[in-house]
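Quick look at target.cif (mmCIF, C-alpha atoms and all ligand atoms; chains and numbers go by the auth columns):
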```
data_target
loop_
_atom_site.group_PDB
_atom_site.id
_atom_site.type_symbol
_atom_site.label_atom_id
_atom_site.label_comp_id
_atom_site.label_asym_id
_atom_site.label_seq_id
_atom_site.Cartn_x
_atom_site.Cartn_y
_atom_site.Cartn_z
_atom_site.B_iso_or_equiv
_atom_site.auth_seq_id
_atom_site.auth_asym_id
ATOM 1 C CA MET A 1 -18.824 39.379 -32.940 0.00 1 A
ATOM 2 C CA LYS A 2 -17.971 36.901 -35.657 0.00 2 A
ATOM 3 C CA ILE A 3 -14.300 36.779 -34.563 0.00 3 A
ATOM 4 C CA SER A 4 -15.253 36.192 -30.928 0.00 4 A
ATOM 5 C CA PHE A 5 -17.571 33.336 -31.950 0.00 5 A
ATOM 6 C CA PHE A 6 -14.760 31.867 -34.063 0.00 6 A
ATOM 7 C CA LEU A 7 -12.280 32.134 -31.157 0.00 7 A
ATOM 8 C CA LYS A 8 -14.715 30.456 -28.752 0.00 8 A
ATOM 9 C CA LYS A 9 -15.198 27.613 -31.202 0.00 9 A
ATOM 10 C CA GLN A 10 -11.431 27.214 -31.612 0.00 10 A
ATOM 11 C CA LEU A 11 -10.931 27.151 -27.823 0.00 11 A
ATOM 12 C CA SER A 12 -13.654 24.571 -27.349 0.00 12 A
ATOM 13 C CA LEU A 13 -12.066 22.438 -30.098 0.00 13 A
ATOM 14 C CA LYS A 14 -8.678 22.752 -28.389 0.00 14 A
ATOM 15 C CA ARG A 15 -10.174 21.672 -25.054 0.00 15 A
ATOM 16 C CA THR A 16 -11.810 18.636 -26.685 0.00 16 A
ATOM 17 C CA TRP A 17 -8.482 17.653 -28.238 0.00 17 A
ATOM 18 C CA LEU A 18 -6.687 18.152 -24.931 0.00 18 A
ATOM 19 C CA VAL A 19 -9.157 15.884 -23.107 0.00 19 A
ATOM 20 C CA PHE A 20 -8.935 13.319 -25.921 0.00 20 A
ATOM 21 C CA ILE A 21 -5.120 13.313 -25.905 0.00 21 A
ATOM 22 C CA THR A 22 -5.040 13.056 -22.078 0.00 22 A
ATOM 23 C CA ILE A 23 -7.418 10.060 -22.138 0.00 23 A
ATOM 24 C CA LEU A 24 -5.373 8.471 -24.918 0.00 24 A
ATOM 25 C CA LEU A 25 -2.110 8.979 -22.997 0.00 25 A
ATOM 26 C CA LEU A 26 -3.637 7.528 -19.815 0.00 26 A
ATOM 27 C CA ALA A 27 -4.920 4.524 -21.767 0.00 27 A
ATOM 28 C CA VAL A 28 -1.473 3.960 -23.332 0.00 28 A
ATOM 29 C CA CYS A 29 0.230 4.266 -19.906 0.00 29 A
ATOM 30 C CA SER A 30 -2.260 1.776 -18.408 0.00 30 A
ATOM 31 C CA LEU A 31 -1.847 -0.799 -21.179 0.00 31 A
ATOM 32 C CA SER A 32 0.821 -2.806 -19.402 0.00 32 A
ATOM 33 C CA GLU A 33 -1.416 -3.249 -16.308 0.00 33 A
ATOM 34 C CA LEU A 34 -4.560 -3.912 -18.345 0.00 34 A
ATOM 35 C CA THR A 35 -2.903 -6.657 -20.394 0.00 35 A
ATOM 36 C CA TYR A 36 -0.457 -8.134 -17.851 0.00 36 A
ATOM 37 C CA GLN A 37 -0.655 -11.871 -17.186 0.00 37 A
ATOM 38 C CA ASN A 38 0.775 -13.427 -14.021 0.00 38 A
ATOM 39 C CA THR A 39 2.523 -16.686 -14.844 0.00 39 A
ATOM 40 C CA GLY A 40 4.867 -19.035 -12.974 0.00 40 A
ATOM 41 C CA SER A 41 6.756 -17.746 -9.973 0.00 41 A
ATOM 42 C CA SER A 42 8.952 -14.711 -9.424 0.00 42 A
ATOM 43 C CA GLN A 43 12.606 -14.458 -8.494 0.00 43 A
ATOM 44 C CA SER A 44 13.857 -11.657 -6.262 0.00 44 A
ATOM 45 C CA SER A 45 17.540 -10.785 -6.185 0.00 45 A
ATOM 46 C CA GLY A 46 19.655 -8.282 -4.279 0.00 46 A
ATOM 47 C CA THR A 47 18.240 -6.360 -1.352 0.00 47 A
ATOM 48 C CA VAL A 48 15.211 -4.151 -0.779 0.00 48 A
ATOM 49 C CA GLY A 49 17.552 -1.150 -1.172 0.00 49 A
ATOM 50 C CA LYS A 50 19.325 -2.408 -4.297 0.00 50 A
ATOM 51 C CA GLY A 51 17.555 -5.236 -5.983 0.00 51 A
ATOM 52 C CA LYS A 52 15.750 -6.664 -8.969 0.00 52 A
ATOM 53 C CA LEU A 53 12.633 -8.673 -9.650 0.00 53 A
ATOM 54 C CA ASN A 54 12.245 -11.234 -12.376 0.00 54 A
ATOM 55 C CA ASN A 55 8.831 -12.430 -13.632 0.00 55 A
ATOM 56 C CA ALA A 56 6.921 -10.101 -11.320 0.00 56 A
ATOM 57 C CA HIS A 57 3.292 -10.657 -10.482 0.00 57 A
ATOM 58 C CA LEU A 58 0.853 -7.768 -10.658 0.00 58 A
ATOM 59 C CA LEU A 59 -1.356 -7.420 -7.616 0.00 59 A
ATOM 60 C CA PRO A 60 -5.060 -7.386 -8.610 0.00 60 A
ATOM 61 C CA TYR A 61 -6.571 -3.927 -8.156 0.00 61 A
ATOM 62 C CA SER A 62 -9.018 -5.224 -5.577 0.00 62 A
ATOM 63 C CA GLY A 63 -10.463 -8.205 -3.739 0.00 63 A
ATOM 64 C CA SER A 64 -13.689 -8.690 -1.783 0.00 64 A
ATOM 65 C CA ASN A 65 -12.454 -6.904 1.372 0.00 65 A
ATOM 66 C CA TRP A 66 -9.482 -4.900 0.087 0.00 66 A
ATOM 67 C CA ARG A 67 -8.358 -2.652 -2.709 0.00 67 A
ATOM 68 C CA TYR A 68 -5.245 -0.953 -4.016 0.00 68 A
ATOM 69 C CA PHE A 69 -5.107 2.645 -2.836 0.00 69 A
ATOM 70 C CA SER A 70 -4.471 4.688 -5.960 0.00 70 A
ATOM 71 C CA PRO A 71 -5.140 4.332 -9.714 0.00 71 A
ATOM 72 C CA LEU A 72 -2.312 6.818 -10.302 0.00 72 A
ATOM 73 C CA SER A 73 0.151 4.569 -8.486 0.00 73 A
ATOM 74 C CA TYR A 74 -1.257 1.406 -10.096 0.00 74 A
ATOM 75 C CA TYR A 75 -1.695 2.413 -13.728 0.00 75 A
ATOM 76 C CA ILE A 76 0.637 5.357 -14.256 0.00 76 A
ATOM 77 C CA LEU A 77 3.522 4.881 -11.823 0.00 77 A
ATOM 78 C CA ASP A 78 3.368 1.069 -12.322 0.00 78 A
ATOM 79 C CA ASP A 79 4.065 0.397 -8.633 0.00 79 A
ATOM 80 C CA ALA A 80 1.808 -2.605 -7.926 0.00 80 A
ATOM 81 C CA TYR A 81 4.200 -5.390 -8.955 0.00 81 A
ATOM 82 C CA CYS A 82 5.784 -7.757 -6.471 0.00 82 A
ATOM 83 C CA ASN A 83 7.108 -11.264 -5.992 0.00 83 A
ATOM 84 C CA SER A 84 4.444 -13.921 -6.655 0.00 84 A
ATOM 85 C CA LYS A 85 4.881 -15.201 -3.079 0.00 85 A
ATOM 86 C CA VAL A 86 3.999 -11.742 -1.752 0.00 86 A
ATOM 87 C CA VAL A 87 0.883 -11.590 -3.944 0.00 87 A
ATOM 88 C CA HIS A 88 -0.213 -15.014 -2.623 0.00 88 A
ATOM 89 C CA THR A 89 0.585 -13.927 0.942 0.00 89 A
ATOM 90 C CA LEU A 90 -1.494 -10.752 0.670 0.00 90 A
ATOM 91 C CA LYS A 91 -4.421 -12.630 -0.859 0.00 91 A
ATOM 92 C CA GLY A 92 -4.185 -15.319 1.844 0.00 92 A
ATOM 93 C CA ALA A 93 -4.084 -12.756 4.640 0.00 93 A
ATOM 94 C CA PHE A 94 -7.125 -10.863 3.341 0.00 94 A
ATOM 95 C CA LYS A 95 -8.993 -14.132 2.869 0.00 95 A
ATOM 96 C CA ARG A 96 -8.393 -14.926 6.549 0.00 96 A
ATOM 97 C CA LEU A 97 -9.433 -11.418 7.616 0.00 97 A
ATOM 98 C CA GLU A 98 -12.665 -11.846 5.683 0.00 98 A
ATOM 99 C CA THR A 99 -13.642 -14.401 8.345 0.00 99 A
ATOM 100 C CA THR A 100 -11.983 -12.954 11.452 0.00 100 A
ATOM 101 C CA LEU A 101 -12.918 -9.296 10.797 0.00 101 A
ATOM 102 C CA PRO A 102 -15.773 -9.483 8.270 0.00 102 A
ATOM 103 C CA LYS A 103 -16.798 -5.845 8.604 0.00 103 A
ATOM 104 C CA SER A 104 -13.334 -4.442 7.924 0.00 104 A
ATOM 105 C CA THR A 105 -11.849 -3.387 4.620 0.00 105 A
ATOM 106 C CA TRP A 106 -8.163 -2.917 3.861 0.00 106 A
ATOM 107 C CA ARG A 107 -5.987 -0.907 1.537 0.00 107 A
ATOM 108 C CA VAL A 108 -2.754 -2.012 -0.024 0.00 108 A
ATOM 109 C CA MET A 109 -0.373 0.774 -0.881 0.00 109 A
ATOM 110 C CA GLU A 110 2.753 0.579 -3.017 0.00 110 A
ATOM 111 C CA CYS A 111 4.698 -2.576 -3.864 0.00 111 A
ATOM 112 C CA GLY A 112 7.274 -2.044 -6.606 0.00 112 A
ATOM 113 C CA ARG A 113 8.042 -1.896 -10.317 0.00 113 A
ATOM 114 C CA GLN A 114 7.789 -4.730 -12.798 0.00 114 A
ATOM 115 C CA THR A 115 11.537 -5.387 -12.942 0.00 115 A
ATOM 116 C CA GLY A 116 12.315 -4.069 -9.467 0.00 116 A
ATOM 117 C CA GLY A 117 14.723 -1.196 -8.880 0.00 117 A
ATOM 118 C CA LYS A 118 13.951 2.330 -7.795 0.00 118 A
ATOM 119 C CA THR A 119 10.445 3.752 -7.575 0.00 119 A
ATOM 120 C CA LEU A 120 9.368 7.370 -7.421 0.00 120 A
ATOM 121 C CA LEU A 121 8.469 7.396 -3.709 0.00 121 A
ATOM 122 C CA HIS A 122 10.751 4.791 -2.140 0.00 122 A
ATOM 123 C CA LYS A 123 14.428 4.119 -1.627 0.00 123 A
ATOM 124 C CA THR A 124 13.581 0.485 -0.913 0.00 124 A
ATOM 125 C CA HIS A 125 10.821 -1.700 -2.467 0.00 125 A
ATOM 126 C CA GLN A 126 13.426 -2.765 -5.050 0.00 126 A
ATOM 127 C CA ASN A 127 13.311 -6.586 -5.079 0.00 127 A
ATOM 128 C CA GLY A 128 9.570 -7.227 -4.935 0.00 128 A
ATOM 129 C CA LEU A 129 9.538 -8.333 -1.301 0.00 129 A
ATOM 130 C CA SER A 130 8.238 -5.065 0.222 0.00 130 A
ATOM 131 C CA VAL A 131 4.735 -3.752 0.495 0.00 131 A
ATOM 132 C CA ASP A 132 3.064 -0.789 2.187 0.00 132 A
ATOM 133 C CA LEU A 133 -0.318 -1.153 3.867 0.00 133 A
ATOM 134 C CA MET A 134 -2.603 1.610 5.062 0.00 134 A
ATOM 135 C CA VAL A 135 -3.191 1.715 8.828 0.00 135 A
ATOM 136 C CA PRO A 136 -6.866 1.012 9.697 0.00 136 A
ATOM 137 C CA LYS A 137 -8.627 3.909 11.379 0.00 137 A
ATOM 138 C CA LYS A 138 -11.564 4.076 13.792 0.00 138 A
ATOM 139 C CA ASP A 139 -13.886 6.644 15.307 0.00 139 A
ATOM 140 C CA GLU A 140 -14.692 7.133 18.998 0.00 140 A
ATOM 141 C CA LYS A 141 -17.241 4.277 18.889 0.00 141 A
ATOM 142 C CA GLY A 142 -14.695 1.906 17.376 0.00 142 A
ATOM 143 C CA ASN A 143 -16.288 1.905 13.902 0.00 143 A
ATOM 144 C CA GLN A 144 -13.918 1.805 10.953 0.00 144 A
ATOM 145 C CA VAL A 145 -13.248 5.215 9.374 0.00 145 A
ATOM 146 C CA ARG A 146 -12.809 4.940 5.607 0.00 146 A
ATOM 147 C CA ARG A 147 -13.354 8.510 4.523 0.00 147 A
ATOM 148 C CA TYR A 148 -9.653 9.328 4.214 0.00 148 A
ATOM 149 C CA ASP A 149 -8.756 6.196 2.275 0.00 149 A
ATOM 150 C CA TRP A 150 -9.717 7.721 -1.080 0.00 150 A
ATOM 151 C CA ILE A 151 -6.987 10.360 -0.750 0.00 151 A
ATOM 152 C CA GLY A 152 -4.900 7.867 -2.702 0.00 152 A
ATOM 153 C CA LEU A 153 -1.291 8.742 -3.418 0.00 153 A
ATOM 154 C CA TRP A 154 -1.455 11.685 -1.067 0.00 154 A
ATOM 155 C CA HIS A 155 -2.561 9.390 1.718 0.00 155 A
ATOM 156 C CA TYR A 156 1.174 9.114 2.271 0.00 156 A
ATOM 157 C CA LEU A 157 0.906 12.652 3.625 0.00 157 A
ATOM 158 C CA LEU A 158 -1.718 12.051 6.348 0.00 158 A
ATOM 159 C CA GLU A 159 -0.312 12.878 9.771 0.00 159 A
ATOM 160 C CA PHE A 160 -1.057 11.397 13.173 0.00 160 A
ATOM 161 C CA THR A 161 0.009 12.385 16.672 0.00 161 A
ATOM 162 C CA ASP A 162 2.318 10.114 18.657 0.00 162 A
ATOM 163 C CA GLU A 163 -0.829 8.675 20.287 0.00 163 A
ATOM 164 C CA GLY A 164 -2.268 7.762 16.876 0.00 164 A
ATOM 165 C CA MET A 165 -4.841 10.575 16.548 0.00 165 A
ATOM 166 C CA LEU A 166 -5.384 12.030 13.079 0.00 166 A
ATOM 167 C CA ILE A 167 -4.024 15.564 13.265 0.00 167 A
ATOM 168 C CA PHE A 168 -6.974 17.316 11.576 0.00 168 A
ATOM 169 C CA ASN A 169 -9.726 15.162 13.081 0.00 169 A
ATOM 170 C CA ALA A 170 -9.471 14.410 16.803 0.00 170 A
ATOM 171 C CA SER A 171 -12.200 11.770 16.625 0.00 171 A
ATOM 172 C CA THR A 172 -10.231 9.556 14.214 0.00 172 A
ATOM 173 C CA ASP A 173 -7.510 7.288 15.567 0.00 173 A
ATOM 174 C CA ILE A 174 -5.335 4.492 14.295 0.00 174 A
ATOM 175 C CA ASP A 175 -6.980 1.154 15.130 0.00 175 A
ATOM 176 C CA PHE A 176 -3.886 -0.500 16.603 0.00 176 A
ATOM 177 C CA GLU A 177 -5.751 -3.699 17.519 0.00 177 A
ATOM 178 C CA LYS A 178 -6.818 -4.200 13.905 0.00 178 A
ATOM 179 C CA LEU A 179 -3.404 -3.247 12.624 0.00 179 A
ATOM 180 C CA GLY A 180 -2.051 -6.109 14.747 0.00 180 A
ATOM 181 C CA SER A 181 -4.644 -8.489 13.257 0.00 181 A
ATOM 182 C CA LEU A 182 -3.449 -7.513 9.795 0.00 182 A
ATOM 183 C CA ILE A 183 0.204 -8.224 10.654 0.00 183 A
ATOM 184 C CA LEU A 184 -0.688 -11.557 12.281 0.00 184 A
ATOM 185 C CA ALA A 185 -2.689 -12.590 9.204 0.00 185 A
ATOM 186 C CA LEU A 186 0.279 -11.622 7.010 0.00 186 A
ATOM 187 C CA ASP A 187 2.628 -13.616 9.237 0.00 187 A
ATOM 188 C CA ASP A 188 0.461 -16.752 8.981 0.00 188 A
ATOM 189 C CA ALA A 189 -0.063 -16.395 5.227 0.00 189 A
ATOM 190 C CA ALA A 190 3.669 -15.711 4.672 0.00 190 A
ATOM 191 C CA LYS A 191 4.592 -19.027 6.316 0.00 191 A
ATOM 192 C CA LYS A 192 2.226 -20.876 3.970 0.00 192 A
ATOM 193 C CA ASN A 193 3.979 -19.243 1.018 0.00 193 A
ATOM 194 C CA ASP A 194 7.565 -19.969 2.022 0.00 194 A
ATOM 195 C CA LEU A 195 8.140 -16.436 3.305 0.00 195 A
ATOM 196 C CA ARG A 196 8.666 -14.811 6.669 0.00 196 A
ATOM 197 C CA ILE A 197 8.204 -11.231 7.792 0.00 197 A
ATOM 198 C CA LYS A 198 11.685 -9.775 8.035 0.00 198 A
ATOM 199 C CA MET A 199 10.714 -6.353 9.336 0.00 199 A
ATOM 200 C CA VAL A 200 7.724 -4.090 9.880 0.00 200 A
ATOM 201 C CA ILE A 201 8.186 -0.339 9.943 0.00 201 A
ATOM 202 C CA LEU A 202 5.780 1.653 12.106 0.00 202 A
ATOM 203 C CA LYS A 203 6.619 5.101 13.477 0.00 203 A
ATOM 204 C CA ILE A 204 8.656 4.496 16.628 0.00 204 A
ATOM 205 C CA GLU A 205 6.482 6.759 18.808 0.00 205 A
ATOM 206 C CA LEU A 206 3.366 4.719 17.922 0.00 206 A
ATOM 207 C CA LYS A 207 4.811 1.406 19.007 0.00 207 A
ATOM 208 C CA ASP A 208 3.921 1.686 22.715 0.00 208 A
ATOM 209 C CA ASP A 209 0.209 2.080 21.853 0.00 209 A
ATOM 210 C CA PHE A 210 0.524 -0.745 19.355 0.00 210 A
ATOM 211 C CA TYR A 211 2.170 -3.146 21.818 0.00 211 A
ATOM 212 C CA ALA A 212 -0.502 -2.333 24.436 0.00 212 A
ATOM 213 C CA THR A 213 -3.134 -4.183 22.345 0.00 213 A
ATOM 214 C CA SER A 214 -3.713 -7.930 22.511 0.00 214 A
ATOM 215 C CA THR A 215 -2.630 -8.422 18.890 0.00 215 A
ATOM 216 C CA GLY A 216 0.441 -6.258 19.542 0.00 216 A
ATOM 217 C CA LYS A 217 1.354 -8.517 22.454 0.00 217 A
ATOM 218 C CA GLU A 218 0.965 -11.586 20.233 0.00 218 A
ATOM 219 C CA ILE A 219 3.260 -9.981 17.650 0.00 219 A
ATOM 220 C CA LYS A 220 5.885 -9.441 20.343 0.00 220 A
ATOM 221 C CA ARG A 221 5.442 -13.026 21.521 0.00 221 A
ATOM 222 C CA ARG A 222 5.943 -14.341 17.978 0.00 222 A
ATOM 223 C CA GLY A 223 9.111 -12.275 17.662 0.00 223 A
ATOM 224 C CA ILE A 224 7.960 -10.354 14.573 0.00 224 A
ATOM 225 C CA TYR A 225 10.501 -7.571 14.281 0.00 225 A
ATOM 226 C CA LEU A 226 9.321 -3.952 14.288 0.00 226 A
ATOM 227 C CA ALA A 227 12.060 -1.465 13.380 0.00 227 A
ATOM 228 C CA LYS A 228 13.671 -0.003 16.501 0.00 228 A
ATOM 229 C CA TYR A 229 15.676 2.841 14.995 0.00 229 A
ATOM 230 C CA LEU A 230 14.804 4.850 11.920 0.00 230 A
ATOM 231 C CA PRO A 231 16.156 7.955 10.205 0.00 231 A
ATOM 232 C CA ASP A 232 13.962 10.929 11.116 0.00 232 A
ATOM 233 C CA TRP A 233 12.319 11.293 7.687 0.00 233 A
ATOM 234 C CA THR A 234 11.569 7.550 7.395 0.00 234 A
ATOM 235 C CA ASN A 235 10.154 7.537 10.925 0.00 235 A
ATOM 236 C CA ARG A 236 7.840 10.475 10.275 0.00 236 A
ATOM 237 C CA MET A 237 6.498 8.880 7.066 0.00 237 A
ATOM 238 C CA HIS A 238 5.347 5.680 8.788 0.00 238 A
ATOM 239 C CA ASP A 239 2.359 6.877 10.774 0.00 239 A
ATOM 240 C CA ASP A 240 -0.307 6.508 8.068 0.00 240 A
ATOM 241 C CA HIS A 241 1.006 3.196 6.739 0.00 241 A
ATOM 242 C CA ILE A 242 3.202 0.305 7.700 0.00 242 A
ATOM 243 C CA HIS A 243 5.989 -0.993 5.543 0.00 243 A
ATOM 244 C CA VAL A 244 6.529 -4.762 5.504 0.00 244 A
ATOM 245 C CA ASP A 245 9.646 -6.501 4.197 0.00 245 A
ATOM 246 C CA PHE A 246 9.403 -10.236 3.576 0.00 246 A
ATOM 247 C CA GLU A 247 12.225 -12.682 3.067 0.00 247 A
ATOM 248 C CA VAL A 248 12.200 -16.105 1.481 0.00 248 A
ATOM 249 C CA ARG A 249 12.541 -18.863 4.080 0.00 249 A
HETATM 250 ZN ZN ZN B . 7.445 1.036 2.124 0.00 301 B
#
```
Write the structure described by the file as structure tokens, please.
Amino acid sequence: MKISFFLKKQLSLKRTWLVFITILLLAVCSLSELTYQNTGSSQSSGTVGKGKLNNAHLLPYSGSNWRYFSPLSYYILDDAYCNSKVVHTLKGAFKRLETTLPKSTWRVMECGRQTGGKTLLHKTHQNGLSVDLMVPKKDEKGNQVRRYDWIGLWHYLLEFTDEGMLIFNASTDIDFEKLGSLILALDDAAKKNDLRIKMVILKIELKDDFYATSTGKEIKRRGIYLAKYLPDWTNRMHDDHIHVDFEVR
């Protein structure tokens, strides 16, 4: 009996240490984000597929109508850094959406690493001029569906049909009209920050539904380029989020 009590006590002590060490490790890993200061402006060099970023800016974790999608990606994988012009563009776009779509909230997904280069999940995103944004979703009444947004890093694994219906919930669809509003707001904010949208990636099979909306038509009219051909794997990944590449004007 005495031995069993002793063993239990030892195990409980071990568990406490394990939790303590895990919290300590997480805190150490998060230090760079918790103490990072954005100063001056950034310089991007190379391409999105082979590039670098100097004096990166860290995206804030959240704003009044938007938030970053995953603490794991933000604090541990360090993937929320981008060119200062992209940070200003995102903030400007969300500020505009606060007025035009006051009831909607938005999620920013991965940007890139502090000095650019490869990230865990992306071949591109290397020069600080790329960002992923979650597609807005709606129910049958047109109300925004937010319940899948918390899935965080694994949100990258949500799947939709070619008509934009969430595979495991037939009453949840991509809100293509709102997705268009987001891209238009980004386009306007980019111009104010000396950038232009170089390319948007959305799964090819979703584009006909997207272009059928009024905002989709405006995007076509403005000549904002949506990728026309994609490798199969890249194409299949871009149903739950869009990828946006900016370029400096
Ligand atoms: Zn991307």
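Reported to one decimal place, the separation of CA of Tyr81 (chain A) from CA of Ser30 (chain A) is 13.5 Å.
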Using the chain letters and numbering of this document, enumerate as an MDAnalysis selection string the residues selected by the PyMOL selection byres (((chain A and resi 163-174) around 9) and not hetatm). chainID A and resid 135:140 145 158:162 175:179 205:206 208:209 239:240
My list of candidates is A:Asp194, A:Asp78, A:Asp245, A:Glu98. Which is closest to ligand ZN 301 (chain B) when distances are computed with only C-alpha atoms and all ligand atoms? A:Asp245
Given a cut-off of 7 Å, what residues near ligand ZN 301 (chain B) show up using all atoms listed in the file, put as a compact mmCIF listing (two decimals) with C-alpha atoms, keeping the file's coordinate frame?
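Just written: out03.txt:
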```
# COMPACT_ATOMS: atom_id res chain seq x y z
CA GLU A 110 2.75 0.58 -3.02
CA HIS A 122 10.75 4.79 -2.14
CA THR A 124 13.58 0.48 -0.91
CA HIS A 125 10.82 -1.70 -2.47
CA SER A 130 8.24 -5.07 0.22
CA VAL A 131 4.74 -3.75 0.50
CA ASP A 132 3.06 -0.79 2.19
CA HIS A 243 5.99 -0.99 5.54
CA VAL A 244 6.53 -4.76 5.50
```
Please evaluate the PyMOL selection byres (((chain A and resi 181-186) around 7) and not hetatm) against the structure above and give the resulting residues as a compact mmCIF listing (two decimals) with C-alpha atoms, in the frame of the given file.
```txt
# COMPACT_ATOMS: atom_id res chain seq x y z
CA THR A 89 0.58 -13.93 0.94
CA LEU A 90 -1.49 -10.75 0.67
CA ALA A 93 -4.08 -12.76 4.64
CA ARG A 96 -8.39 -14.93 6.55
CA GLU A 177 -5.75 -3.70 17.52
CA LYS A 178 -6.82 -4.20 13.90
CA LEU A 179 -3.40 -3.25 12.62
CA GLY A 180 -2.05 -6.11 14.75
CA ASP A 187 2.63 -13.62 9.24
CA ASP A 188 0.46 -16.75 8.98
CA ALA A 189 -0.06 -16.40 5.23
CA ALA A 190 3.67 -15.71 4.67
CA THR A 215 -2.63 -8.42 18.89
CA ILE A 219 3.26 -9.98 17.65
```
If you measure from CA of Thr47 (chain A) to CA of His88 (chain A), what distance in Å do you get, rounded to one decimal? 20.4 Å
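Reported to one decimal place, the separation of CA of Tyr74 (chain A) from CA of Leu120 (chain A) is 12.5 Å.
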Please write the residues picked by the PyMOL selection byres (((chain A and resi 58-71) around 8) and not hetatm) on this file as a ChimeraX atom specification. /A:33,36-38,56-57,72-76,80-82,87,94,98,104-109,114,149-150,152-153
